[in-house]
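Trainee: Following this line is final35.txt, made up of compact mmCIF, C-alpha atoms:
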# COMPACT_ATOMS: atom_id res chain seq x y z
CA MET A 167 -23.87 12.68 13.49
CA LYS A 168 -22.69 9.60 11.59
CA ASP A 169 -20.99 9.89 8.21
CA PRO A 170 -22.89 7.48 5.93
CA SER A 171 -19.74 6.46 4.02
CA THR A 172 -17.95 5.39 7.20
CA SER A 173 -20.47 3.33 9.17
CA GLY A 174 -19.71 2.98 12.85
CA LEU A 175 -17.83 6.28 13.05
CA ASP A 176 -19.04 9.55 14.45
CA ARG A 177 -17.77 12.97 13.43
CA ILE A 178 -15.00 12.98 16.07
CA ASP A 179 -13.72 9.59 14.87
CA VAL A 180 -13.69 10.91 11.31
CA LYS A 181 -11.81 14.05 12.45
CA ILE A 182 -9.22 11.87 14.20
CA LEU A 183 -8.75 9.70 11.13
CA ARG A 184 -8.45 12.67 8.79
CA ALA A 185 -5.96 14.44 11.06
CA LEU A 186 -3.75 11.37 11.47
CA HIS A 187 -3.96 10.52 7.78
CA THR A 188 -2.69 13.99 6.93
CA GLN A 189 -0.12 14.31 9.71
CA GLY A 190 0.67 10.99 11.37
CA ARG A 191 3.26 12.45 13.75
CA LEU A 192 0.77 14.42 15.83
CA THR A 193 1.11 13.82 19.55
CA ASN A 194 -2.02 12.76 21.40
CA ALA A 195 -2.23 16.24 22.96
CA GLU A 196 -1.98 17.93 19.55
CA LEU A 197 -4.55 15.56 18.09
CA ALA A 198 -6.93 16.10 21.01
CA ALA A 199 -6.70 19.88 20.58
CA ARG A 200 -7.24 19.58 16.84
CA VAL A 201 -10.42 17.49 17.22
CA ASN A 202 -11.57 19.37 20.34
CA VAL A 203 -11.69 16.54 22.89
CA SER A 204 -9.70 15.79 26.05
CA PRO A 205 -6.41 13.93 25.67
CA ALA A 206 -7.82 10.92 27.57
CA THR A 207 -10.86 10.74 25.29
CA CYS A 208 -8.67 11.17 22.23
CA HIS A 209 -6.37 8.35 23.36
CA ARG A 210 -9.30 5.99 24.00
CA ARG A 211 -10.86 6.77 20.62
CA THR A 212 -7.57 6.43 18.75
CA GLN A 213 -6.89 3.08 20.44
CA ARG A 214 -10.40 1.88 19.48
CA LEU A 215 -9.78 2.96 15.87
CA PHE A 216 -6.60 0.83 15.93
CA ASP A 217 -8.37 -2.11 17.56
CA GLU A 218 -11.22 -2.00 15.02
CA GLY A 219 -8.81 -1.86 12.07
CA TYR A 220 -9.50 1.68 10.84
CA ILE A 221 -5.86 2.58 11.49
CA THR A 222 -3.43 -0.09 10.35
CA GLY A 223 -0.15 1.55 11.32
CA PHE A 224 2.19 4.49 10.98
CA ARG A 225 5.32 4.83 8.89
CA ALA A 226 7.66 7.37 7.37
CA ASP A 227 7.50 8.07 3.63
CA LEU A 228 11.03 7.69 2.27
CA ALA A 229 12.57 9.27 -0.82
CA PRO A 230 13.34 6.21 -3.00
CA ALA A 231 16.32 7.76 -4.79
CA LYS A 232 17.93 8.74 -1.46
CA VAL A 233 17.90 5.10 -0.33
CA GLY A 234 19.21 3.74 -3.64
CA LEU A 235 15.91 2.61 -5.16
CA ALA A 236 15.30 5.22 -7.84
CA THR A 237 13.87 2.92 -10.53
CA LEU A 238 10.14 2.23 -10.38
CA VAL A 239 8.82 -0.68 -12.42
CA MET A 240 5.27 -1.92 -12.93
CA VAL A 241 4.94 -5.54 -14.04
CA GLY A 242 1.81 -7.16 -15.37
CA VAL A 243 1.74 -10.90 -14.69
CA MET A 244 -0.35 -13.51 -16.47
CA LEU A 245 -0.62 -16.91 -14.83
CA ASP A 246 -0.88 -20.26 -16.62
CA ARG A 247 -4.15 -20.90 -14.82
CA SER A 248 -6.40 -18.61 -12.83
CA SER A 249 -7.55 -21.20 -10.32
CA PRO A 250 -7.65 -20.29 -6.62
CA GLU A 251 -4.79 -22.73 -5.92
CA HIS A 252 -2.51 -21.19 -8.57
CA ARG A 253 -3.30 -17.66 -7.40
CA ALA A 254 -2.62 -18.64 -3.78
CA ALA A 255 0.77 -20.16 -4.64
CA PHE A 256 1.73 -17.05 -6.61
CA GLU A 257 0.56 -14.72 -3.82
CA GLU A 258 2.48 -16.67 -1.17
CA ALA A 259 5.70 -16.43 -3.21
CA VAL A 260 5.19 -12.69 -3.82
CA LEU A 261 4.72 -12.05 -0.09
CA ALA A 262 8.23 -13.42 0.48
CA MET A 263 9.87 -11.01 -2.01
CA LYS A 264 11.04 -7.76 -0.42
CA GLU A 265 11.55 -6.13 -3.84
CA ILE A 266 7.81 -6.17 -4.58
CA LEU A 267 6.12 -3.21 -2.92
CA ASP A 268 2.57 -3.87 -4.09
CA CYS A 269 0.79 -6.80 -5.66
CA VAL A 270 -2.84 -6.52 -6.70
CA LEU A 271 -5.17 -8.98 -8.38
CA VAL A 272 -6.69 -7.21 -11.38
CA ALA A 273 -9.31 -7.78 -14.04
CA GLY A 274 -8.22 -7.29 -17.63
CA ASP A 275 -5.14 -8.27 -19.60
CA PHE A 276 -3.18 -9.43 -16.53
CA ASP A 277 -3.94 -11.49 -13.47
CA PHE A 278 -1.70 -9.42 -11.18
CA LEU A 279 -0.01 -6.05 -11.28
CA LEU A 280 3.24 -5.66 -9.35
CA LYS A 281 4.92 -2.46 -8.21
CA ILE A 282 8.67 -2.88 -7.80
CA ARG A 283 11.45 -0.54 -6.70
CA CYS A 284 15.05 -1.32 -7.63
CA ARG A 285 18.41 0.42 -8.05
CA ASP A 286 18.43 0.57 -11.86
CA MET A 287 17.58 -1.35 -15.04
CA ASP A 288 20.42 -3.83 -14.49
CA ASP A 289 19.12 -4.55 -11.00
CA PHE A 290 15.62 -5.15 -12.40
CA ASN A 291 17.01 -7.33 -15.22
CA LYS A 292 18.63 -9.57 -12.61
CA LEU A 293 15.43 -9.69 -10.55
CA GLN A 294 13.39 -10.55 -13.65
CA GLY A 295 15.76 -13.30 -14.78
CA GLU A 296 16.27 -14.91 -11.39
CA LYS A 297 13.05 -14.43 -9.43
CA LEU A 298 10.06 -13.04 -11.31
CA ILE A 299 9.94 -15.62 -14.08
CA ALA A 300 10.44 -18.35 -11.48
CA LEU A 301 7.34 -17.36 -9.50
CA PRO A 302 4.75 -20.17 -9.39
CA GLY A 303 2.45 -20.35 -12.40
CA VAL A 304 3.84 -17.36 -14.32
CA ARG A 305 3.10 -17.68 -18.01
CA GLN A 306 4.07 -14.21 -19.12
CA THR A 307 5.10 -10.84 -17.75
CA ARG A 308 4.90 -7.40 -19.26
CA THR A 309 7.22 -4.74 -17.88
CA PHE A 310 6.64 -1.00 -17.72
CA PHE A 311 9.47 1.27 -16.59
CA VAL A 312 8.03 4.39 -14.98
CA MET A 313 9.40 7.53 -16.64
CA LYS A 314 7.81 10.05 -14.28
CA THR A 315 5.67 9.83 -11.18
CA VAL A 316 2.88 12.37 -11.36
CA LYS A 317 0.99 11.32 -8.23
CA GLU A 318 1.83 8.62 -5.71
CA ASN A 319 0.40 7.48 -2.40
CA ALA A 320 -2.26 10.18 -2.36
CA ARG A 321 -4.20 10.51 0.86
CA LEU A 322 -7.64 8.92 1.01
CA THR A 323 -10.58 11.29 0.93
CA PHE A 324 -13.66 10.37 2.92
Could you express the structure from this file as structure tokens?
Mentor:
Amino acid sequence: MKDPSTSGLDRIDVKILRALHTQGRLTNAELAARVNVSPATCHRRTQRLFDEGYITGFRADLAPAKVGLATLVMVGVMLDRSSPEHRAAFEEAVLAMKEILDCVLVAGDFDFLLKIRCRDMDDFNKLQGEKLIALPGVRQTRTFFVMKTVKENARLTF
């Protein structure tokens, strides 16, 4: 039976995706047992889900403070012009900056919203003064220091 919200996937595919999304370190044998298929079938299906782009990768979630990046900053960016060329130049520059974790094009008061991790406020101040304001087409930025994270990187529900 196909899940209407995930066209092209049957119930076993959805079970595989849900299991891996919750616990990405499952071995193929554990995953196969969990979704009630043979290990060979599970491997073929998981590989197909990778090949078709349903699974984009695996990674470990790190504790930011433990790796020296305790300060979370959100930055709203307004560009001088919102033309496709200006957005593309800004996006290309952002992709080269390791400090920026997320960059999304938004509707509203800003053109882009950036999520940045840094050591502390001094570290961010240096980043702001040397790199952020020098990004192509930036007219104005608005900075929000995160005081408390209530929910972050929640799992998708489907």
Trainee: Which residues come within 10 Å of segment 313-315 of chain A, counting only C-alpha atoms, excluding same-chain residues fewer than 4 positions away, as a list in words?
Mentor: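 In the requested form, the answer reads Thr237, Leu238 and Val239 of chain A.
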Trainee: Would you mind telling me which residue in A:Ala255, A:Ile182, A:Cys269, A:Ala198 lies nearest to Val304 of chain A when using all atoms listed in the file?
Mentor: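 Closest to Val304 of chain A, using all atoms listed in the file: A:Ala255.
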Trainee: Grab all the atoms of segment 210-229 of chain A that the file lists, wrap them in a box along x, y and z, add 8 Å per side, and give me centre plus edge lengths in Å (one decimal) as AutoDock Vina command-line options.
Mentor:
--center_x 0.7 --center_y 3.6 --center_z 11.6 --size_x 39.8 --size_y 27.4 --size_z 40.8
Trainee: What's the 7 Å shell around Lys281 of chain A, counting all atoms listed in the file, without same-chain residues fewer than 6 positions away, as a VMD selection string?
Mentor: chain A and resid 239 to 241 266 to 269
Trainee: So how far away is atom CA of Ser173 of chain A from atom CA of Leu186 of chain A, in Å?
Mentor: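 Separating atom CA of Leu186 of chain A from atom CA of Ser173 of chain A is a distance of 18.7 Å.
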Trainee: Using all atoms listed in the file, can you tell me which of A:Gly274, A:Arg247, A:Ala236, A:Ala300 comes closest to Val260 of chain A?
Mentor: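 Of the candidates, the smallest distance to Val260 of chain A is held by A:Ala300.
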Trainee: Name the closest residue to Asp176 of chain A among the candidates A:Val272, A:Ala199, A:Leu215, A:Ala206; distances are taken between atoms, counting all atoms listed in the file.
Mentor: A:Leu215
Trainee: Taking only C-alpha atoms into account, name the residue in A:Asp275, A:Arg321, A:Arg211, A:Glu218 that is nearest to Gln189 of chain A.
Mentor: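 For Gln189 of chain A, the nearest of the given residues is A:Arg321.
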Trainee: Got a sec: who's within 10 Å of segment 227-233 of chain A, counting only C-alpha atoms, leaving out chain neighbours fewer than 2 positions off, as a list of chain:residue names?
Mentor: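 Neighbouring residues, sequence-local ones excluded: A:Phe224, A:Arg225, A:Leu235, A:Ala236, A:Thr237, A:Leu238, A:Arg283, A:Cys284, A:Arg285, A:Asn319.
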Trainee: Between atom CA of Tyr220 of chain A and atom CA of Ala254 of chain A, what distance in Å does the model show, to one decimal?
Mentor: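 Calculated distance between atom CA of Tyr220 of chain A and atom CA of Ala254 of chain A is 26.0 Å.
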Trainee: Show which residues sit within 10 Å of Leu271 of chain A, as a list in words. Count only C-alpha atoms, and ignore same-chain residues fewer than 5 positions away.
Mentor: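 Listed by chain and then number, they are Val243, Arg253, Glu257, Phe276, Asp277, Phe278, Leu279 and Leu280 of chain A.
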Trainee: With distances taken over all atoms listed in the file, which of A:Met287, A:Met244, A:Ile299, A:Leu293 is nearest to Phe311 of chain A?
Mentor: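 Among the listed residues, the smallest separation from Phe311 of chain A belongs to A:Met287.
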Trainee: So how far away is atom CA of Ala226 of chain A from atom CA of Cys208 of chain A, in Å?
Mentor: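 Between these atoms lies a distance of 22.4 Å.
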Trainee: With all atoms listed in the file as the atoms that count, which of A:Asp289, A:Glu196, A:Glu251, A:Asp179 lies nearest to Glu265 of chain A?
Mentor: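 Using all atoms listed in the file, the shortest distance to Glu265 of chain A belongs to A:Asp289.
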